[in-house]
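Coordinates as given in input.cif (mmCIF, C-alpha atoms):
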```
data_coords
#
loop_
_atom_site.label_atom_id
_atom_site.label_comp_id
_atom_site.auth_asym_id
_atom_site.auth_seq_id
_atom_site.Cartn_x
_atom_site.Cartn_y
_atom_site.Cartn_z
CA MET T 265 -17.07 -33.01 -9.06
CA VAL T 266 -18.98 -32.91 -5.77
CA SER T 267 -19.07 -29.52 -4.06
CA SER T 268 -19.88 -28.76 -0.45
CA VAL T 269 -23.18 -26.92 -0.04
CA TYR T 270 -23.81 -25.00 3.17
CA PRO T 271 -27.05 -24.00 4.97
CA PRO T 272 -27.68 -20.36 5.98
CA LYS T 273 -26.42 -20.93 9.54
CA ASP T 274 -23.04 -21.93 8.11
CA PHE T 275 -22.98 -18.84 5.90
CA LYS T 276 -22.93 -16.78 9.10
CA ARG T 277 -19.96 -18.76 10.39
CA ILE T 278 -18.05 -18.44 7.13
CA LEU T 279 -18.85 -14.73 7.14
CA LYS T 280 -17.23 -14.36 10.58
CA ALA T 281 -13.99 -16.00 9.45
CA SER T 282 -14.04 -14.02 6.21
CA ASP T 283 -14.56 -10.75 8.07
CA ILE T 284 -11.46 -11.36 10.19
CA ALA T 285 -9.43 -12.01 7.04
CA ARG T 286 -10.81 -8.85 5.42
CA ARG T 287 -10.04 -6.73 8.45
CA ALA T 288 -6.50 -8.12 8.59
CA LEU T 289 -5.92 -6.67 5.12
CA GLU T 290 -7.29 -3.30 6.24
CA PHE T 291 -5.19 -3.41 9.41
CA ILE T 292 -1.92 -4.03 7.57
CA GLU T 293 -2.28 -1.23 5.01
CA PRO T 294 -0.63 1.59 7.04
CA HIS T 295 2.40 -0.60 7.67
CA ILE T 296 3.16 -1.04 3.96
CA LYS T 297 6.00 1.37 3.20
CA PRO T 298 9.59 1.38 1.94
CA GLY T 299 12.07 -0.29 4.28
CA VAL T 300 9.61 -2.72 5.85
CA SER T 301 10.25 -6.44 5.40
CA THR T 302 7.55 -8.87 4.40
CA ALA T 303 8.36 -10.87 7.54
CA GLU T 304 7.40 -7.84 9.63
CA LEU T 305 4.07 -7.64 7.82
CA ASP T 306 3.48 -11.34 8.41
CA ASP T 307 4.23 -10.97 12.13
CA LEU T 308 1.71 -8.14 12.42
CA ILE T 309 -0.96 -10.11 10.58
CA ALA T 310 -0.31 -13.17 12.75
CA LYS T 311 -0.84 -11.09 15.90
CA PHE T 312 -4.01 -9.55 14.47
CA ILE T 313 -5.45 -12.98 13.66
CA LYS T 314 -4.67 -14.26 17.16
CA GLN T 315 -6.18 -11.16 18.79
CA ASN T 316 -9.41 -11.90 16.91
CA ASP T 317 -9.76 -15.43 18.30
CA ALA T 318 -8.78 -17.05 15.01
CA THR T 319 -5.87 -18.99 13.55
CA SER T 320 -4.04 -18.80 10.24
CA SER T 321 -5.22 -21.47 7.81
CA SER T 322 -1.95 -21.10 5.89
CA LEU T 323 0.51 -21.65 8.74
CA GLY T 324 1.68 -25.27 8.54
CA TYR T 325 -0.51 -26.08 5.52
CA HIS T 326 1.55 -28.72 3.68
CA GLY T 327 4.49 -27.22 5.54
CA PHE T 328 3.94 -23.57 4.60
CA PRO T 329 6.00 -21.67 7.20
CA LYS T 330 4.17 -18.34 7.58
CA SER T 331 0.75 -16.96 8.48
CA CYS T 332 0.01 -15.38 5.10
CA CYS T 333 1.33 -15.27 1.54
CA ILE T 334 3.03 -12.06 0.39
CA SER T 335 3.85 -11.91 -3.32
CA LEU T 336 5.88 -9.02 -4.79
CA ASN T 337 6.10 -7.81 -8.36
CA ASP T 338 6.83 -10.88 -10.52
CA VAL T 339 5.55 -13.36 -7.92
CA ILE T 340 2.20 -14.78 -8.99
CA CYS T 341 1.29 -16.40 -5.67
CA HIS T 342 2.50 -18.26 -2.56
CA GLY T 343 5.30 -15.84 -1.75
CA ILE T 344 6.87 -16.68 1.63
CA PRO T 345 7.34 -13.65 3.92
CA SER T 346 11.00 -13.08 4.73
CA ASP T 347 13.17 -10.62 6.64
CA LYS T 348 15.36 -10.54 3.51
CA ILE T 349 12.56 -9.15 1.31
CA ILE T 350 12.41 -5.39 1.92
CA LEU T 351 9.74 -3.20 0.35
CA LYS T 352 10.95 -0.38 -1.88
CA GLU T 353 9.39 2.49 -3.76
CA GLY T 354 7.55 1.26 -6.85
CA ASP T 355 6.82 -2.26 -5.63
CA ILE T 356 3.41 -3.84 -5.94
CA LEU T 357 2.45 -6.70 -3.66
CA ASN T 358 -0.37 -9.09 -2.98
CA ILE T 359 -1.19 -10.18 0.56
CA ASP T 360 -3.32 -13.31 0.80
CA VAL T 361 -4.89 -14.09 4.19
CA THR T 362 -6.93 -17.17 5.07
CA VAL T 363 -8.18 -17.61 8.62
CA GLN T 364 -9.99 -20.32 10.51
CA HIS T 365 -12.53 -19.29 13.14
CA ARG T 366 -14.41 -21.95 15.09
CA GLY T 367 -14.07 -24.52 12.34
CA TYR T 368 -14.80 -22.33 9.31
CA HIS T 369 -12.42 -20.67 6.87
CA GLY T 370 -12.44 -17.33 5.05
CA ASP T 371 -9.98 -16.35 2.32
CA THR T 372 -9.20 -13.02 0.66
CA SER T 373 -6.34 -11.15 -0.95
CA ARG T 374 -5.68 -7.73 -2.39
CA MET T 375 -2.99 -5.66 -4.03
CA TYR T 376 -1.02 -2.81 -2.49
CA ARG T 377 1.43 -0.38 -3.98
CA VAL T 378 4.50 1.11 -2.33
CA GLY T 379 4.52 4.78 -3.23
CA ARG T 380 4.31 5.60 -6.93
CA VAL T 381 4.25 2.65 -9.30
CA SER T 382 4.48 2.25 -13.07
CA GLN T 383 1.51 2.53 -15.40
CA MET T 384 1.97 -1.15 -16.25
CA ALA T 385 1.60 -1.98 -12.55
CA GLU T 386 -1.56 0.12 -12.33
CA ASP T 387 -2.98 -1.59 -15.40
CA VAL T 388 -2.34 -5.15 -14.24
CA MET T 389 -3.86 -4.41 -10.83
CA ARG T 390 -6.91 -2.90 -12.51
CA ALA T 391 -7.28 -5.86 -14.88
CA SER T 392 -7.26 -8.34 -12.01
CA TYR T 393 -9.66 -6.32 -9.86
CA ASP T 394 -12.13 -5.57 -12.63
CA SER T 395 -12.14 -9.17 -13.83
CA LEU T 396 -12.80 -10.41 -10.30
CA MET T 397 -15.73 -8.07 -9.74
CA ALA T 398 -17.19 -8.77 -13.19
CA ALA T 399 -16.98 -12.51 -12.52
CA ILE T 400 -18.74 -12.13 -9.17
CA SER T 401 -21.49 -10.08 -10.80
CA ILE T 402 -22.59 -12.97 -13.03
CA CYS T 403 -22.71 -15.57 -10.23
CA GLY T 404 -26.01 -17.03 -9.09
CA PRO T 405 -28.16 -20.19 -9.12
CA ASP T 406 -28.03 -22.26 -12.32
CA VAL T 407 -25.15 -20.23 -13.78
CA PRO T 408 -22.47 -22.50 -15.30
CA LEU T 409 -19.10 -22.31 -13.54
CA SER T 410 -17.58 -21.76 -16.99
CA GLU T 411 -19.11 -18.27 -17.06
CA ILE T 412 -16.56 -17.17 -14.43
CA GLY T 413 -13.59 -17.91 -16.66
CA LYS T 414 -15.37 -16.61 -19.75
CA THR T 415 -16.07 -13.30 -18.00
CA ILE T 416 -12.50 -12.93 -16.73
CA GLU T 417 -11.13 -13.55 -20.23
CA ARG T 418 -13.44 -10.89 -21.66
CA ILE T 419 -12.22 -8.26 -19.19
CA VAL T 420 -8.53 -9.13 -19.49
CA LYS T 421 -8.38 -9.54 -23.30
CA PRO T 422 -8.10 -5.80 -24.16
CA TYR T 423 -5.01 -5.52 -21.97
CA LYS T 424 -3.28 -8.39 -23.81
CA PHE T 425 -2.19 -9.78 -20.44
CA GLY T 426 -1.77 -13.44 -19.56
CA ILE T 427 -4.08 -15.31 -17.17
CA ALA T 428 -2.28 -17.79 -14.89
CA ARG T 429 -3.96 -21.12 -15.68
CA ASP T 430 -2.39 -23.49 -13.16
CA PHE T 431 -3.56 -21.62 -10.05
CA VAL T 432 -7.29 -21.66 -9.39
CA GLY T 433 -10.02 -20.55 -7.04
CA HIS T 434 -11.56 -23.21 -4.82
CA GLY T 435 -14.42 -24.26 -2.64
CA ILE T 436 -14.03 -23.24 1.00
CA GLY T 437 -15.91 -23.56 4.27
CA LYS T 438 -15.20 -26.29 6.77
CA VAL T 439 -11.97 -26.97 4.91
CA MET T 440 -9.55 -24.49 3.35
CA HIS T 441 -9.54 -26.04 -0.13
CA ASP T 442 -12.57 -27.91 -1.45
CA ASN T 443 -14.50 -28.44 -4.67
CA PRO T 444 -15.35 -26.81 -6.95
CA GLN T 445 -12.17 -25.70 -8.65
CA ILE T 446 -12.69 -22.24 -10.10
CA LEU T 447 -10.85 -21.72 -13.37
CA HIS T 448 -10.04 -18.16 -14.39
CA TYR T 449 -10.24 -18.97 -18.09
CA TYR T 450 -12.96 -20.55 -20.18
CA GLU T 451 -13.17 -24.35 -20.04
CA PRO T 452 -16.12 -25.93 -21.93
CA MET T 453 -16.21 -28.88 -19.53
CA TYR T 454 -17.46 -26.48 -16.86
CA ASP T 455 -20.51 -25.56 -18.96
CA LYS T 456 -22.23 -28.56 -17.38
CA ILE T 457 -21.48 -27.67 -13.76
CA LYS T 458 -24.05 -25.23 -12.39
CA MET T 459 -23.90 -23.04 -9.30
CA VAL T 460 -26.44 -23.88 -6.62
CA PRO T 461 -27.56 -22.00 -3.49
CA GLY T 462 -25.26 -22.79 -0.58
CA MET T 463 -22.14 -23.26 -2.70
CA VAL T 464 -19.14 -21.31 -1.34
CA PHE T 465 -15.92 -20.66 -3.25
CA THR T 466 -13.17 -18.16 -3.98
CA ILE T 467 -12.49 -16.31 -7.21
CA GLU T 468 -8.91 -15.05 -7.45
CA PRO T 469 -7.71 -14.17 -10.98
CA MET T 470 -3.93 -13.99 -11.24
CA ILE T 471 -3.07 -11.74 -14.17
CA ASN T 472 0.43 -11.39 -15.66
CA THR T 473 1.70 -8.57 -17.83
CA GLY T 474 3.37 -11.11 -20.09
CA THR T 475 3.30 -14.87 -20.35
CA GLU T 476 0.99 -17.12 -18.36
CA GLN T 477 3.95 -19.45 -17.79
CA TYR T 478 5.66 -19.62 -14.40
CA LYS T 479 8.56 -21.09 -12.47
CA ILE T 480 8.80 -22.23 -8.84
CA ASP T 481 11.61 -21.04 -6.56
CA ALA T 482 13.84 -23.46 -4.68
CA ASP T 483 11.60 -23.01 -1.60
CA GLY T 484 8.97 -25.12 -3.37
CA TRP T 485 6.26 -22.48 -2.94
CA THR T 486 7.01 -19.14 -4.59
CA ALA T 487 5.56 -19.05 -8.13
CA ARG T 488 7.05 -16.38 -10.43
CA THR T 489 6.27 -15.30 -13.95
CA ALA T 490 8.61 -17.09 -16.35
CA ASP T 491 9.48 -13.85 -18.15
CA GLY T 492 9.89 -11.62 -15.08
CA GLY T 493 6.73 -9.65 -15.85
CA LEU T 494 4.50 -8.23 -13.15
CA SER T 495 1.59 -10.20 -11.71
CA ALA T 496 -1.49 -9.08 -9.77
CA GLN T 497 -4.23 -10.91 -7.91
CA TRP T 498 -7.41 -9.93 -6.06
CA GLU T 499 -9.57 -12.48 -4.27
CA HIS T 500 -12.96 -12.73 -2.59
CA THR T 501 -14.80 -15.57 -0.92
CA ILE T 502 -18.40 -15.69 -2.16
CA GLY T 503 -21.50 -17.74 -1.44
CA ILE T 504 -24.32 -18.50 -3.85
CA THR T 505 -27.71 -17.38 -2.55
CA GLU T 506 -31.24 -17.96 -3.85
CA ASP T 507 -31.06 -14.82 -5.97
CA GLY T 508 -27.38 -14.14 -6.63
CA ALA T 509 -24.12 -14.14 -4.74
CA MET T 510 -22.94 -12.81 -1.38
CA ILE T 511 -19.38 -11.51 -0.99
CA PHE T 512 -18.22 -12.71 2.42
CA THR T 513 -14.95 -10.79 2.26
CA GLU T 514 -16.42 -7.55 1.01
CA LYS T 515 -15.35 -4.35 1.44
CA GLN T 516 -15.05 -3.17 -2.14
CA PHE T 517 -11.31 -2.50 -2.37
CA GLU T 518 -9.99 -0.37 -5.21
CA PRO T 519 -6.55 -0.57 -6.79
CA GLY T 520 -4.24 2.23 -5.81
CA MET T 521 -5.34 2.41 -2.19
CA GLY T 522 -2.25 0.66 -0.85
CA GLY T 523 0.41 2.03 1.47
CA GLU T 524 2.56 5.05 0.77
#
```
In structure tokens, what does this structure look like?
Amino acid sequence: MVSSVYPPKDFKRILKASDIARRALEFIEPHIKPGVSTAELDDLIAKFIKQNDATSSSLGYHGFPKSCCISLNDVICHGIPSDKIILKEGDILNIDVTVQHRGYHGDTSRMYRVGRVSQMAEDVMRASYDSLMAAISICGPDVPLSEIGKTIERIVKPYKFGIARDFVGHGIGKVMHDNPQILHYYEPMYDKIKMVPGMVFTIEPMINTGTEQYKIDADGWTARTADGGLSAQWEHTIGITEDGAMIFTEKQFEPGMGGE
């Protein structure tokens, strides 16, 4: 596995793209409320990206038809925004935004809630967020990539939730998806692959309240939990520095700060 390694000047360029993606998620928050369609949210995000001199990395990617992924409730990832999907009280949703700015990509996602949600929804959002931040905290030079998955498993285990295994984090920078693959569960093979300064990748644990198994809708994109359980995902783009890791898409979001 050969991973792209970037010099400091490229970190600044990745940071710019990542900042636009992060701000898109902040911008959309007040618009998340009952009665709004996911297509409306996508339209607003598309306009925000364009106004910030960037383009959506998702739009047209292998035929993906929208500017971001919006995944509700039992959707693990890759939900296609639609005017037929209307938000209602009690929903939880993930919005995943990747933008390209002057040849560099930044990728981030977060959870939102629509009004009051169930305790199970709160718990799965918390498990995903806490596992993401714990995984980032152990990143740095010479750390095996396997420590990411090992850390996520440790955080999620007390909840007895499932970790989606077939959807992974990824290298990012001049291309949207690059090496290394970032597994959100422990894989001994990754003990031998060490992080090095200049490596840039996403961590994006997808946590299900039930089984890790999934099914794909007829659209060829939307991945749902096989048992209809809830799923939650939080994602940051990070870069490995000489003494740790830099979160390009940081602000430190907290579960429960979504729209009313």
Could you pull the residues within 12 Å of stretch 288-293 of chain T, counting all atoms listed in the file, minus those fewer than 5 positions along the same chain, as a PyMOL selection string?
-> chain T and resi 281-283+300+302+304-316+318-320+331-334+357-363+370-378+498-499+513-517+520-524
Residue nearest T:Cys403 - candidates T:Gln477, T:Ser268, T:Thr505, T:Thr489, atoms counted: all atoms listed in the file =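 Closest to T:Cys403 of all the choices is T:Thr505.
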Kindly give the distance, in Å, that separates atom CA of T:Val460 and atom CA of T:Ile416, rounded to a single decimal.
->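 Distance between the two atoms: 20.4 Å.
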Distance of atom CA of T:Thr473 from atom CA of T:Gly435, expressed in Å to one decimal place =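 Distance between the two atoms: 27.1 Å.
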Measuring atom to atom with all atoms listed in the file, identify which of T:Ala399, T:Ile502, T:Ile344, T:Leu351 is nearest to T:Thr415.
->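 With all atoms listed in the file as the atom set, the closest residue is T:Ala399.
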Test item: residues at most 10 Å from T:Val269, only C-alpha atoms, excluding those fewer than 4 positions along its chain, as number ranges by chain | T: 274, 435-437, 443, 460-464, 503-504
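The nearest approach to T:Ala385 among the residues T:Ile446, T:Met459, T:Ala285, T:Leu336, with all atoms listed in the file taken into account, belongs to T:Leu336.
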Enclose the full set of atoms of stretch 290-303 of chain T listed in the file within a box whose edges lie along x, y and z, apply 5 Å of padding to each of the six sides, and report centre and edge lengths in Å to one decimal as lines of an AutoDock Vina configuration file.
```
center_x = 2.4
center_y = -4.6
center_z = 5.7
size_x = 29.4
size_y = 22.5
size_z = 17.5
```
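Atom to atom, atom CA of T:Val420 and atom CA of T:Asp507 stand 26.9 Å apart.
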Which residues fall under the PyMOL selection byres ((chain T and resi 447) around 6) in this file, as a ChimeraX atom specification?
-> /T:413,432,446,448-449
